[in-house]
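Data block for input_3.tsv (TSV, N, CA and C atoms):
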chain	number	residue	atom	x	y	z
A	399	MET	N	4.28	-6.29	11.81
A	399	MET	CA	3.45	-5.15	12.14
A	399	MET	C	3.79	-4.03	11.16
A	400	ILE	N	2.76	-3.29	10.77
A	400	ILE	CA	2.92	-2.18	9.83
A	400	ILE	C	2.72	-0.87	10.58
A	401	PHE	N	3.65	0.08	10.35
A	401	PHE	CA	3.57	1.40	10.96
A	401	PHE	C	3.45	2.47	9.87
A	402	LYS	N	2.85	3.59	10.25
A	402	LYS	CA	2.78	4.76	9.38
A	402	LYS	C	2.97	5.97	10.26
A	403	ARG	N	3.72	6.94	9.75
A	403	ARG	CA	3.98	8.14	10.54
A	403	ARG	C	2.81	9.11	10.45
A	404	TYR	N	2.35	9.53	11.61
A	404	TYR	CA	1.33	10.57	11.74
A	404	TYR	C	1.89	11.62	12.68
A	405	GLY	N	2.31	12.75	12.15
A	405	GLY	CA	2.84	13.82	12.99
A	405	GLY	C	4.13	13.43	13.67
A	406	THR	N	4.12	13.40	15.01
A	406	THR	CA	5.34	13.16	15.78
A	406	THR	C	5.45	11.72	16.29
A	407	ALA	N	4.65	10.81	15.71
A	407	ALA	CA	4.70	9.42	16.17
A	407	ALA	C	4.41	8.47	15.02
A	408	TYR	N	4.92	7.27	15.17
A	408	TYR	CA	4.59	6.17	14.27
A	408	TYR	C	3.48	5.36	14.93
A	409	HIS	N	2.41	5.10	14.20
A	409	HIS	CA	1.29	4.34	14.72
A	409	HIS	C	1.14	3.04	13.93
A	410	SER	N	0.75	1.98	14.63
A	410	SER	CA	0.48	0.73	13.93
A	410	SER	C	-0.81	0.90	13.13
A	411	VAL	N	-0.83	0.29	11.94
A	411	VAL	CA	-1.96	0.44	11.04
A	411	VAL	C	-2.34	-0.89	10.40
A	412	ASP	N	-3.56	-0.94	9.91
A	412	ASP	CA	-4.05	-2.06	9.10
A	412	ASP	C	-4.32	-1.54	7.70
A	413	PRO	N	-4.06	-2.36	6.68
A	413	PRO	CA	-4.40	-1.93	5.32
A	413	PRO	C	-5.91	-1.72	5.19
A	414	ASN	N	-6.29	-0.69	4.45
A	414	ASN	CA	-7.69	-0.40	4.18
A	414	ASN	C	-7.80	-0.08	2.70
A	415	PHE	N	-7.73	-1.13	1.89
A	415	PHE	CA	-7.73	-0.98	0.44
A	415	PHE	C	-9.15	-1.22	-0.07
A	416	ASP	N	-9.72	-0.22	-0.73
A	416	ASP	CA	-11.11	-0.33	-1.19
A	416	ASP	C	-11.28	0.50	-2.46
A	417	SER	N	-11.73	-0.14	-3.52
A	417	SER	CA	-11.89	0.55	-4.80
A	417	SER	C	-12.98	1.61	-4.76
A	418	ARG	N	-13.89	1.54	-3.81
A	418	ARG	CA	-14.98	2.52	-3.73
A	418	ARG	C	-14.62	3.74	-2.89
A	419	ALA	N	-13.47	3.71	-2.24
A	419	ALA	CA	-13.06	4.83	-1.38
A	419	ALA	C	-12.39	5.92	-2.21
A	420	LEU	N	-12.42	7.15	-1.70
A	420	LEU	CA	-11.76	8.26	-2.37
A	420	LEU	C	-10.26	8.01	-2.45
A	421	ASN	N	-9.68	7.53	-1.35
A	421	ASN	CA	-8.27	7.15	-1.31
A	421	ASN	C	-8.23	5.62	-1.29
A	422	GLU	N	-8.13	5.01	-2.46
A	422	GLU	CA	-8.27	3.56	-2.59
A	422	GLU	C	-7.22	2.78	-1.80
A	423	ILE	N	-6.02	3.31	-1.75
A	423	ILE	CA	-4.92	2.63	-1.05
A	423	ILE	C	-4.72	3.38	0.26
A	424	GLY	N	-5.32	2.86	1.31
A	424	GLY	CA	-5.28	3.55	2.58
A	424	GLY	C	-4.86	2.65	3.72
A	425	PHE	N	-4.59	3.28	4.84
A	425	PHE	CA	-4.24	2.57	6.07
A	425	PHE	C	-5.04	3.18	7.20
A	426	ARG	N	-5.49	2.33	8.11
A	426	ARG	CA	-6.31	2.76	9.24
A	426	ARG	C	-5.56	2.44	10.53
A	427	ARG	N	-5.43	3.43	11.40
A	427	ARG	CA	-4.77	3.18	12.69
A	427	ARG	C	-5.54	2.12	13.47
A	428	ASP	N	-4.81	1.17	14.03
A	428	ASP	CA	-5.48	0.12	14.81
A	428	ASP	C	-5.33	0.33	16.31
A	429	ARG	N	-4.61	1.38	16.70
A	429	ARG	CA	-4.45	1.78	18.10
A	429	ARG	C	-3.74	0.72	18.96
A	430	GLU	N	-3.06	-0.23	18.33
A	430	GLU	CA	-2.33	-1.25	19.10
A	430	GLU	C	-1.02	-0.71	19.65
A	431	ARG	N	-0.31	0.07	18.81
A	431	ARG	CA	1.02	0.52	19.22
A	431	ARG	C	1.31	1.90	18.64
A	432	SER	N	1.96	2.72	19.42
A	432	SER	CA	2.36	4.05	19.00
A	432	SER	C	3.76	4.31	19.55
A	433	VAL	N	4.67	4.80	18.68
A	433	VAL	CA	6.04	5.04	19.09
A	433	VAL	C	6.44	6.44	18.63
A	434	PRO	N	6.91	7.29	19.56
A	434	PRO	CA	7.37	8.62	19.15
A	434	PRO	C	8.49	8.51	18.11
A	435	VAL	N	8.57	9.47	17.21
A	435	VAL	CA	9.54	9.44	16.12
A	435	VAL	C	10.96	9.30	16.65
A	436	GLU	N	11.33	10.07	17.66
A	436	GLU	CA	12.69	10.02	18.20
A	436	GLU	C	13.02	8.63	18.73
A	437	GLU	N	12.09	8.03	19.44
A	437	GLU	CA	12.31	6.68	19.98
A	437	GLU	C	12.41	5.66	18.85
A	438	PHE	N	11.55	5.78	17.85
A	438	PHE	CA	11.58	4.84	16.72
A	438	PHE	C	12.93	4.91	16.01
A	439	GLU	N	13.42	6.13	15.78
A	439	GLU	CA	14.68	6.29	15.05
A	439	GLU	C	15.88	5.77	15.83
A	440	THR	N	15.82	5.76	17.16
A	440	THR	CA	16.93	5.21	17.93
A	440	THR	C	16.80	3.70	18.15
A	441	ARG	N	15.57	3.19	18.20
A	441	ARG	CA	15.35	1.75	18.44
A	441	ARG	C	15.43	0.88	17.20
A	442	PHE	N	15.14	1.46	16.02
A	442	PHE	CA	15.08	0.68	14.80
A	442	PHE	C	16.05	1.20	13.75
A	443	GLU	N	16.59	0.27	12.96
A	443	GLU	CA	17.45	0.65	11.83
A	443	GLU	C	16.83	0.15	10.53
A	444	HIS	N	17.00	0.97	9.49
A	444	HIS	CA	16.45	0.63	8.18
A	444	HIS	C	17.24	-0.53	7.57
A	445	VAL	N	16.54	-1.56	7.11
A	445	VAL	CA	17.19	-2.72	6.52
A	445	VAL	C	17.07	-2.70	5.00
A	446	ARG	N	15.87	-2.48	4.49
A	446	ARG	CA	15.65	-2.46	3.04
A	446	ARG	C	14.31	-1.79	2.74
A	447	THR	N	14.12	-1.47	1.46
A	447	THR	CA	12.86	-0.88	1.00
A	447	THR	C	12.31	-1.72	-0.14
A	448	HIS	N	11.01	-1.94	-0.12
A	448	HIS	CA	10.32	-2.66	-1.19
A	448	HIS	C	9.37	-1.69	-1.87
A	449	GLU	N	9.33	-1.72	-3.19
A	449	GLU	CA	8.36	-0.93	-3.94
A	449	GLU	C	7.32	-1.89	-4.50
A	450	LEU	N	6.09	-1.74	-4.04
A	450	LEU	CA	5.02	-2.64	-4.45
A	450	LEU	C	4.14	-1.94	-5.47
A	451	SER	N	3.84	-2.64	-6.56
A	451	SER	CA	2.92	-2.09	-7.55
A	451	SER	C	2.09	-3.24	-8.09
A	452	SER	N	1.03	-2.88	-8.77
A	452	SER	CA	0.11	-3.89	-9.25
A	452	SER	C	-0.60	-3.36	-10.49
A	453	GLU	N	-1.08	-4.28	-11.32
A	453	GLU	CA	-1.85	-3.94	-12.51
A	453	GLU	C	-2.97	-4.94	-12.67
A	454	ALA	N	-4.02	-4.52	-13.34
A	454	ALA	CA	-5.11	-5.43	-13.69
A	454	ALA	C	-5.83	-4.84	-14.89
A	455	GLU	N	-6.44	-5.72	-15.66
A	455	GLU	CA	-7.25	-5.26	-16.78
A	455	GLU	C	-8.45	-6.16	-16.94
A	456	GLY	N	-9.55	-5.56	-17.42
A	456	GLY	CA	-10.77	-6.32	-17.59
A	456	GLY	C	-11.90	-5.46	-18.11
A	457	PRO	N	-13.05	-6.09	-18.35
A	457	PRO	CA	-14.18	-5.40	-18.96
A	457	PRO	C	-15.10	-4.65	-17.99
A	458	VAL	N	-14.97	-4.90	-16.68
A	458	VAL	CA	-15.86	-4.27	-15.69
A	458	VAL	C	-15.00	-3.35	-14.82
A	459	GLN	N	-15.34	-2.06	-14.81
A	459	GLN	CA	-14.50	-1.05	-14.18
A	459	GLN	C	-14.22	-1.33	-12.71
A	460	ASP	N	-15.24	-1.43	-11.86
A	460	ASP	CA	-15.01	-1.59	-10.43
A	460	ASP	C	-14.33	-2.92	-10.10
A	461	HIS	N	-14.72	-3.98	-10.78
A	461	HIS	CA	-14.10	-5.29	-10.52
A	461	HIS	C	-12.62	-5.27	-10.89
A	462	THR	N	-12.29	-4.61	-11.97
A	462	THR	CA	-10.89	-4.54	-12.41
A	462	THR	C	-10.05	-3.75	-11.42
A	463	GLU	N	-10.58	-2.61	-10.97
A	463	GLU	CA	-9.85	-1.81	-9.99
A	463	GLU	C	-9.69	-2.57	-8.67
A	464	GLN	N	-10.73	-3.25	-8.21
A	464	GLN	CA	-10.64	-4.01	-6.96
A	464	GLN	C	-9.66	-5.16	-7.09
A	465	LEU	N	-9.60	-5.80	-8.26
A	465	LEU	CA	-8.64	-6.88	-8.49
A	465	LEU	C	-7.22	-6.36	-8.36
A	466	MET	N	-6.94	-5.20	-8.94
A	466	MET	CA	-5.62	-4.60	-8.85
A	466	MET	C	-5.28	-4.28	-7.39
A	467	ILE	N	-6.23	-3.72	-6.66
A	467	ILE	CA	-6.01	-3.37	-5.26
A	467	ILE	C	-5.81	-4.63	-4.41
A	468	ASP	N	-6.58	-5.67	-4.69
A	468	ASP	CA	-6.42	-6.94	-3.95
A	468	ASP	C	-5.04	-7.54	-4.19
A	469	ARG	N	-4.55	-7.44	-5.41
A	469	ARG	CA	-3.20	-7.96	-5.71
A	469	ARG	C	-2.14	-7.19	-4.93
A	470	LEU	N	-2.31	-5.87	-4.84
A	470	LEU	CA	-1.37	-5.05	-4.09
A	470	LEU	C	-1.40	-5.41	-2.60
A	471	GLU	N	-2.60	-5.59	-2.06
A	471	GLU	CA	-2.73	-5.96	-0.65
A	471	GLU	C	-2.12	-7.33	-0.39
A	472	THR	N	-2.28	-8.26	-1.31
A	472	THR	CA	-1.68	-9.59	-1.17
A	472	THR	C	-0.16	-9.48	-1.10
A	473	GLN	N	0.43	-8.65	-1.95
A	473	GLN	CA	1.89	-8.45	-1.90
A	473	GLN	C	2.32	-7.91	-0.55
A	474	LEU	N	1.55	-6.94	-0.03
A	474	LEU	CA	1.87	-6.34	1.26
A	474	LEU	C	1.80	-7.37	2.38
A	475	LEU	N	0.76	-8.17	2.40
A	475	LEU	CA	0.60	-9.17	3.46
A	475	LEU	C	1.63	-10.29	3.34
A	476	GLU	N	2.00	-10.65	2.11
A	476	GLU	CA	3.06	-11.65	1.93
A	476	GLU	C	4.39	-11.13	2.44
A	477	LEU	N	4.66	-9.85	2.19
A	477	LEU	CA	5.89	-9.23	2.71
A	477	LEU	C	5.88	-9.23	4.23
A	478	GLU	N	4.74	-8.89	4.82
A	478	GLU	CA	4.62	-8.87	6.27
A	478	GLU	C	4.86	-10.27	6.86
A	479	ALA	N	4.42	-11.30	6.16
A	479	ALA	CA	4.59	-12.67	6.65
A	479	ALA	C	6.06	-13.11	6.67
A	480	THR	N	6.92	-12.44	5.91
A	480	THR	CA	8.33	-12.81	5.87
A	480	THR	C	9.16	-12.11	6.94
A	481	LEU	N	8.56	-11.21	7.69
A	481	LEU	CA	9.30	-10.45	8.69
A	481	LEU	C	9.74	-11.33	9.85
A	482	GLY	N	10.92	-10.99	10.38
A	482	GLY	CA	11.39	-11.66	11.58
A	482	GLY	C	10.70	-11.09	12.81
A	483	SER	N	10.98	-11.68	13.95
A	483	SER	CA	10.29	-11.27	15.18
A	483	SER	C	10.68	-9.87	15.64
A	484	HIS	N	11.82	-9.36	15.18
A	484	HIS	CA	12.27	-8.01	15.58
A	484	HIS	C	12.14	-7.01	14.43
A	485	ASP	N	11.40	-7.37	13.39
A	485	ASP	CA	11.23	-6.50	12.23
A	485	ASP	C	9.85	-5.86	12.22
A	486	VAL	N	9.78	-4.66	11.65
A	486	VAL	CA	8.51	-3.97	11.42
A	486	VAL	C	8.56	-3.35	10.02
A	487	MET	N	7.40	-3.07	9.48
A	487	MET	CA	7.31	-2.39	8.19
A	487	MET	C	6.79	-0.98	8.42
A	488	VAL	N	7.26	-0.06	7.57
A	488	VAL	CA	6.82	1.33	7.66
A	488	VAL	C	6.41	1.79	6.26
A	489	VAL	N	5.24	2.41	6.17
A	489	VAL	CA	4.79	3.01	4.92
A	489	VAL	C	5.63	4.27	4.73
A	490	GLU	N	6.47	4.29	3.69
A	490	GLU	CA	7.39	5.41	3.48
A	490	GLU	C	6.81	6.51	2.60
A	491	ASN	N	5.74	6.23	1.87
A	491	ASN	CA	5.10	7.29	1.07
A	491	ASN	C	4.48	8.30	2.02
A	492	THR	N	4.50	9.57	1.63
A	492	THR	CA	3.91	10.60	2.47
A	492	THR	C	2.64	11.15	1.84
A	493	ASP	N	1.65	11.40	2.67
A	493	ASP	CA	0.38	11.94	2.20
A	493	ASP	C	0.61	13.27	1.50
A	494	GLY	N	-0.04	13.45	0.36
A	494	GLY	CA	0.02	14.71	-0.35
A	494	GLY	C	1.29	14.95	-1.14
A	495	HIS	N	2.25	14.05	-1.04
A	495	HIS	CA	3.52	14.25	-1.75
A	495	HIS	C	3.74	13.15	-2.79
A	496	ASP	N	3.93	11.93	-2.35
A	496	ASP	CA	4.19	10.82	-3.27
A	496	ASP	C	3.33	9.60	-2.92
A	497	TYR	N	2.12	9.88	-2.48
A	497	TYR	CA	1.25	8.79	-2.04
A	497	TYR	C	0.71	8.03	-3.25
A	498	PRO	N	0.68	6.70	-3.19
A	498	PRO	CA	0.23	5.91	-4.34
A	498	PRO	C	-1.26	6.11	-4.64
A	499	LYS	N	-1.56	6.22	-5.91
A	499	LYS	CA	-2.94	6.37	-6.38
A	499	LYS	C	-3.18	5.37	-7.49
A	500	THR	N	-4.43	5.01	-7.66
A	500	THR	CA	-4.77	4.14	-8.79
A	500	THR	C	-4.88	5.00	-10.05
A	501	ARG	N	-4.39	4.47	-11.14
A	501	ARG	CA	-4.45	5.15	-12.43
A	501	ARG	C	-5.28	4.28	-13.38
A	502	GLN	N	-6.17	4.91	-14.10
A	502	GLN	CA	-7.05	4.18	-15.01
A	502	GLN	C	-6.79	4.61	-16.46
A	503	ARG	N	-6.76	3.62	-17.32
A	503	ARG	CA	-6.74	3.85	-18.76
A	503	ARG	C	-7.86	3.02	-19.36
A	504	THR	N	-8.52	3.56	-20.33
A	504	THR	CA	-9.57	2.79	-21.01
A	504	THR	C	-9.25	2.73	-22.49
A	505	ARG	N	-9.72	1.68	-23.10
A	505	ARG	CA	-9.61	1.57	-24.55
A	505	ARG	C	-10.86	0.87	-25.04
A	506	THR	N	-11.15	1.10	-26.27
A	506	THR	CA	-12.32	0.49	-26.89
A	506	THR	C	-11.86	-0.75	-27.66
A	507	VAL	N	-12.53	-1.86	-27.39
A	507	VAL	CA	-12.24	-3.10	-28.12
A	507	VAL	C	-13.52	-3.55	-28.81
A	508	ILE	N	-13.35	-4.28	-29.88
A	508	ILE	CA	-14.52	-4.80	-30.61
A	508	ILE	C	-14.66	-6.28	-30.28
A	509	GLU	N	-15.81	-6.61	-29.70
A	509	GLU	CA	-16.13	-7.99	-29.35
A	509	GLU	C	-17.43	-8.36	-30.04
A	510	GLU	N	-17.39	-9.38	-30.85
A	510	GLU	CA	-18.57	-9.86	-31.56
A	510	GLU	C	-19.27	-8.72	-32.30
A	511	GLY	N	-18.47	-7.86	-32.94
A	511	GLY	CA	-19.01	-6.78	-33.74
A	511	GLY	C	-19.50	-5.58	-32.96
A	512	GLU	N	-19.33	-5.56	-31.64
A	512	GLU	CA	-19.79	-4.43	-30.82
A	512	GLU	C	-18.60	-3.76	-30.12
A	513	ASN	N	-18.70	-2.45	-29.99
A	513	ASN	CA	-17.68	-1.70	-29.25
A	513	ASN	C	-17.88	-1.91	-27.75
A	514	ARG	N	-16.79	-2.24	-27.07
A	514	ARG	CA	-16.82	-2.44	-25.61
A	514	ARG	C	-15.65	-1.69	-24.99
A	515	LEU	N	-15.85	-1.23	-23.78
A	515	LEU	CA	-14.75	-0.61	-23.05
A	515	LEU	C	-13.93	-1.68	-22.34
A	516	HIS	N	-12.63	-1.46	-22.30
A	516	HIS	CA	-11.71	-2.35	-21.61
A	516	HIS	C	-10.90	-1.47	-20.66
A	517	PHE	N	-10.85	-1.83	-19.38
A	517	PHE	CA	-10.22	-1.00	-18.36
A	517	PHE	C	-8.86	-1.58	-17.96
A	518	LEU	N	-7.89	-0.68	-17.81
A	518	LEU	CA	-6.56	-1.04	-17.34
A	518	LEU	C	-6.26	-0.19	-16.11
A	519	TYR	N	-5.92	-0.83	-15.01
A	519	TYR	CA	-5.61	-0.12	-13.77
A	519	TYR	C	-4.19	-0.43	-13.34
A	520	SER	N	-3.55	0.59	-12.75
A	520	SER	CA	-2.21	0.42	-12.19
A	520	SER	C	-2.06	1.35	-11.00
A	521	VAL	N	-0.96	1.18	-10.27
A	521	VAL	CA	-0.66	2.02	-9.12
A	521	VAL	C	0.56	2.88	-9.47
A	522	SER	N	0.45	4.18	-9.21
A	522	SER	CA	1.57	5.07	-9.47
A	522	SER	C	1.49	6.24	-8.49
A	523	PRO	N	2.56	6.60	-7.82
A	523	PRO	CA	3.82	5.87	-7.72
A	523	PRO	C	3.65	4.59	-6.91
A	524	PRO	N	4.66	3.72	-6.92
A	524	PRO	CA	4.54	2.47	-6.16
A	524	PRO	C	4.40	2.71	-4.66
A	525	LEU	N	3.82	1.75	-3.98
A	525	LEU	CA	3.72	1.78	-2.52
A	525	LEU	C	5.10	1.38	-1.98
A	526	ARG	N	5.76	2.32	-1.29
A	526	ARG	CA	7.09	2.05	-0.73
A	526	ARG	C	6.96	1.61	0.71
A	527	ILE	N	7.50	0.44	0.99
A	527	ILE	CA	7.46	-0.13	2.33
A	527	ILE	C	8.90	-0.35	2.81
A	528	GLY	N	9.25	0.30	3.90
A	528	GLY	CA	10.55	0.11	4.49
A	528	GLY	C	10.48	-0.98	5.56
A	529	VAL	N	11.50	-1.82	5.56
A	529	VAL	CA	11.61	-2.84	6.61
A	529	VAL	C	12.67	-2.36	7.59
A	530	TYR	N	12.27	-2.32	8.85
A	530	TYR	CA	13.17	-1.86	9.92
A	530	TYR	C	13.34	-2.98	10.94
A	531	ARG	N	14.56	-3.04	11.48
A	531	ARG	CA	14.88	-4.07	12.48
A	531	ARG	C	15.27	-3.40	13.78
A	532	GLU	N	14.80	-3.97	14.86
A	532	GLU	CA	15.12	-3.43	16.19
A	532	GLU	C	16.61	-3.62	16.46
A	533	ARG	N	17.26	-2.54	16.91
A	533	ARG	CA	18.70	-2.62	17.21
A	533	ARG	C	18.92	-3.47	18.45
A	534	GLU	N	20.05	-4.13	18.45
A	534	GLU	CA	20.35	-5.00	19.61
A	534	GLU	C	21.19	-4.30	20.63
Rewrite the structure from the file as C-alpha cells, please.
Amino acid sequence: MIFKRYGTAYHSVDPNFDSRALNEIGFRRDRERSVPVEEFETRFEHVRTHELSSEAEGPVQDHTEQLMIDRLETQLLELEATLGSHDVMVVENTDGHDYPKTRQRTRTVIEEGENRLHFLYSVSPPLRIGVYRERE
C-alpha cells in the first residue's frame, strides 16, 4: 500500500502518472485508509528509502514523455510488489518543495538529410519512496 501525507494524516493513494497532466507525476487518494500522523509515527518505523528516476528519448514528444512516466510507474509498482505483509510505502517528496517533475531537453538531429527534433525526458528530483514496517 502507498501512503502520502496530506496535512495531519497519511492517506492511501494510487499512482496517477499522465504525460498530459499539469503535474505528470501525481497520486490520487483512494479513500481506502487514513492514519493520523501521530499514530503513523508510533505504529511504523522507517526501514529504507528508494530514489526512483527514469529517462526516455525519442522522436515524438508526448510518446517519449509517456514512456518515461510509464517506466517510473513500473519501478514503483515493482517496489510495491516486494513489500512484506506489514510494510507500507510513503511518498517522501513534499509538494512545492522537492516534488519530482519531468524535465525535457531537445536536440536537432539530421535524418535522411532533414532536420528533426529528438526529445529527451528525465525526472528531477527523483521520486523518493520510504518503506515503513509496522512495529511489533
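In this comparison, which uses all atoms listed in the file, the residue of A:Ile508, A:Leu518, A:Val411, A:Leu474 approaching Met399 in chain A most closely is A:Val411.
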Going by DSSP on the backbone, which residues of chain A come out as strand (DSSP E)? List them as a count of residues only. 74
Taking only N, CA and C atoms into account, name the residue in A:Gly482, A:Ser522, A:Asp412, A:Phe442 that is nearest to Phe425 in chain A.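 Nearest candidate to Phe425 in chain A out of A:Gly482, A:Ser522, A:Asp412, A:Phe442: A:Asp412.
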Within 8 Å of (1.1, 3.8, 11.7), all atoms listed in the file: residues as a list of chain:residue names?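 Using all atoms listed in the file, the matching residues come out as A:Ile400, A:Phe401, A:Lys402, A:Arg403, A:Tyr404, A:Ala407, A:Tyr408, A:His409, A:Ser410, A:Val411, A:Asp412, A:Phe425, A:Arg426, A:Arg427, A:Asp428, A:Arg429, A:Arg431, A:Ser432, A:Val433, A:Val488, A:Val489.
Among the candidate residues A:Phe438, A:Pro498, A:Val507, A:Glu476, the one lying nearest to Ser520 in chain A is A:Pro498, with distances computed using only N, CA and C atoms.
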Report, in Å to a single decimal, how far apart atom C of Glu443 in chain A and CA of Arg533 in chain A are. 7.5 Å
Neighbouring residues of Arg531 in chain A were defined as those with any atom within 6 Å, considering all atoms listed in the file; residues of the same chain fewer than 4 positions away were excluded. Please report them as a compact mmCIF listing (two decimals) with N, CA and C atoms, in the coordinates of the input.
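The result, stored in around23.txt:
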# COMPACT_ATOMS: atom_id res chain seq x y z
N ARG A 441 15.57 3.19 18.20
CA ARG A 441 15.35 1.75 18.44
C ARG A 441 15.43 0.88 17.20
N PHE A 442 15.14 1.46 16.02
CA PHE A 442 15.08 0.68 14.80
C PHE A 442 16.05 1.20 13.75
N GLU A 443 16.59 0.27 12.96
CA GLU A 443 17.45 0.65 11.83
C GLU A 443 16.83 0.15 10.53
N HIS A 444 17.00 0.97 9.49
CA HIS A 444 16.45 0.63 8.18
C HIS A 444 17.24 -0.53 7.57
N VAL A 445 16.54 -1.56 7.11
CA VAL A 445 17.19 -2.72 6.52
C VAL A 445 17.07 -2.70 5.00
N HIS A 484 11.82 -9.36 15.18
CA HIS A 484 12.27 -8.01 15.58
C HIS A 484 12.14 -7.01 14.43
N ASP A 485 11.40 -7.37 13.39
CA ASP A 485 11.23 -6.50 12.23
C ASP A 485 9.85 -5.86 12.22
N VAL A 486 9.78 -4.66 11.65
CA VAL A 486 8.51 -3.97 11.42
C VAL A 486 8.56 -3.35 10.02
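DSSP, applied to the backbone of this structure, assigns helix (DSSP H, G or I) to the following residues of chain A: Val435, Glu436, Glu437, Phe438, Glu439, Thr440, Arg441, Gln459, Asp460, His461, Thr462, Glu463, Gln464, Leu465, Met466, Ile467, Asp468, Arg469, Leu470, Glu471, Thr472, Gln473, Leu474, Leu475, Glu476, Leu477, Glu478 and Ala479 of chain A.
Closest approach to Pro524 in chain A among A:Lys499, A:Arg446, A:Arg469, A:Arg418 is made by A:Lys499 (distances from all atoms listed in the file).
The coordinates place CA of Gly494 in chain A at 23.1 Å from atom N of Thr472 in chain A.
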Within 10 Å of Thr500 in chain A, counting only C-alpha atoms, which residues show up once you throw out same-chain ones fewer than 2 positions away? Write them as a PyMOL selection string, please. chain A and resi 417+421-423+451-453+463+466-467+498+502+519-524
Of the candidates A:Pro457, A:Asp496, A:Asp416, A:Gly405, which one gets nearest to Glu436 in chain A if we count only C-alpha atoms?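 The answer is A:Gly405, which sits nearest to Glu436 in chain A.
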Computed interatomic separation between atom C of Val529 in chain A and CA of Ala419 in chain A (Å):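 Computed distance, atom C of Val529 in chain A to CA of Ala419 in chain A, equals 28.2 Å.
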From the block I gave, I'd like range 412-417 of chain A written with all heavy atoms, as a PDB file, in the first residue's frame.
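Contents of part_16.pdb, freshly written:
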ATOM      1  N   ASP A 412      -3.234   6.049  -4.988  1.00  0.00           N
ATOM      2  CA  ASP A 412      -2.910   5.303  -6.204  1.00  0.00           C
ATOM      3  C   ASP A 412      -2.077   6.208  -7.094  1.00  0.00           C
ATOM      4  O   ASP A 412      -2.321   7.416  -7.146  1.00  0.00           O
ATOM      5  CB  ASP A 412      -4.187   4.913  -6.966  1.00  0.00           C
ATOM      6  CG  ASP A 412      -4.970   3.824  -6.278  1.00  0.00           C
ATOM      7  OD1 ASP A 412      -4.352   2.940  -5.663  1.00  0.00           O
ATOM      8  OD2 ASP A 412      -6.222   3.873  -6.344  1.00  0.00           O
ATOM      9  N   PRO A 413      -1.102   5.639  -7.813  1.00  0.00           N
ATOM     10  CA  PRO A 413      -0.342   6.467  -8.760  1.00  0.00           C
ATOM     11  C   PRO A 413      -1.263   7.016  -9.842  1.00  0.00           C
ATOM     12  O   PRO A 413      -2.184   6.337 -10.296  1.00  0.00           O
ATOM     13  CB  PRO A 413       0.669   5.498  -9.367  1.00  0.00           C
ATOM     14  CG  PRO A 413       0.632   4.272  -8.541  1.00  0.00           C
ATOM     15  CD  PRO A 413      -0.657   4.259  -7.803  1.00  0.00           C
ATOM     16  N   ASN A 414      -1.016   8.258 -10.231  1.00  0.00           N
ATOM     17  CA  ASN A 414      -1.770   8.902 -11.301  1.00  0.00           C
ATOM     18  C   ASN A 414      -0.762   9.609 -12.194  1.00  0.00           C
ATOM     19  O   ASN A 414      -0.593  10.820 -12.131  1.00  0.00           O
ATOM     20  CB  ASN A 414      -2.787   9.882 -10.714  1.00  0.00           C
ATOM     21  CG  ASN A 414      -3.681  10.472 -11.769  1.00  0.00           C
ATOM     22  OD1 ASN A 414      -3.892   9.886 -12.824  1.00  0.00           O
ATOM     23  ND2 ASN A 414      -4.212  11.651 -11.501  1.00  0.00           N
ATOM     24  N   PHE A 415      -0.061   8.808 -12.995  1.00  0.00           N
ATOM     25  CA  PHE A 415       1.007   9.322 -13.844  1.00  0.00           C
ATOM     26  C   PHE A 415       0.448   9.527 -15.246  1.00  0.00           C
ATOM     27  O   PHE A 415      -0.005   8.582 -15.878  1.00  0.00           O
ATOM     28  CB  PHE A 415       2.173   8.346 -13.905  1.00  0.00           C
ATOM     29  CG  PHE A 415       2.898   8.147 -12.577  1.00  0.00           C
ATOM     30  CD1 PHE A 415       2.453   8.712 -11.408  1.00  0.00           C
ATOM     31  CD2 PHE A 415       4.041   7.388 -12.528  1.00  0.00           C
ATOM     32  CE1 PHE A 415       3.126   8.526 -10.211  1.00  0.00           C
ATOM     33  CE2 PHE A 415       4.726   7.196 -11.352  1.00  0.00           C
ATOM     34  CZ  PHE A 415       4.270   7.769 -10.174  1.00  0.00           C
ATOM     35  N   ASP A 416       0.507  10.766 -15.730  1.00  0.00           N
ATOM     36  CA  ASP A 416      -0.069  11.079 -17.042  1.00  0.00           C
ATOM     37  C   ASP A 416       0.716  12.217 -17.680  1.00  0.00           C
ATOM     38  O   ASP A 416       0.817  13.302 -17.108  1.00  0.00           O
ATOM     39  CB  ASP A 416      -1.533  11.479 -16.867  1.00  0.00           C
ATOM     40  CG  ASP A 416      -2.259  11.717 -18.176  1.00  0.00           C
ATOM     41  OD1 ASP A 416      -1.633  11.618 -19.251  1.00  0.00           O
ATOM     42  OD2 ASP A 416      -3.462  12.003 -18.123  1.00  0.00           O
ATOM     43  N   SER A 417       1.233  11.978 -18.870  1.00  0.00           N
ATOM     44  CA  SER A 417       2.042  12.990 -19.546  1.00  0.00           C
ATOM     45  C   SER A 417       1.231  14.218 -19.940  1.00  0.00           C
ATOM     46  O   SER A 417       1.797  15.285 -20.154  1.00  0.00           O
ATOM     47  CB  SER A 417       2.709  12.392 -20.791  1.00  0.00           C
ATOM     48  OG  SER A 417       1.739  12.046 -21.753  1.00  0.00           O
TER      49      SER A 417
END
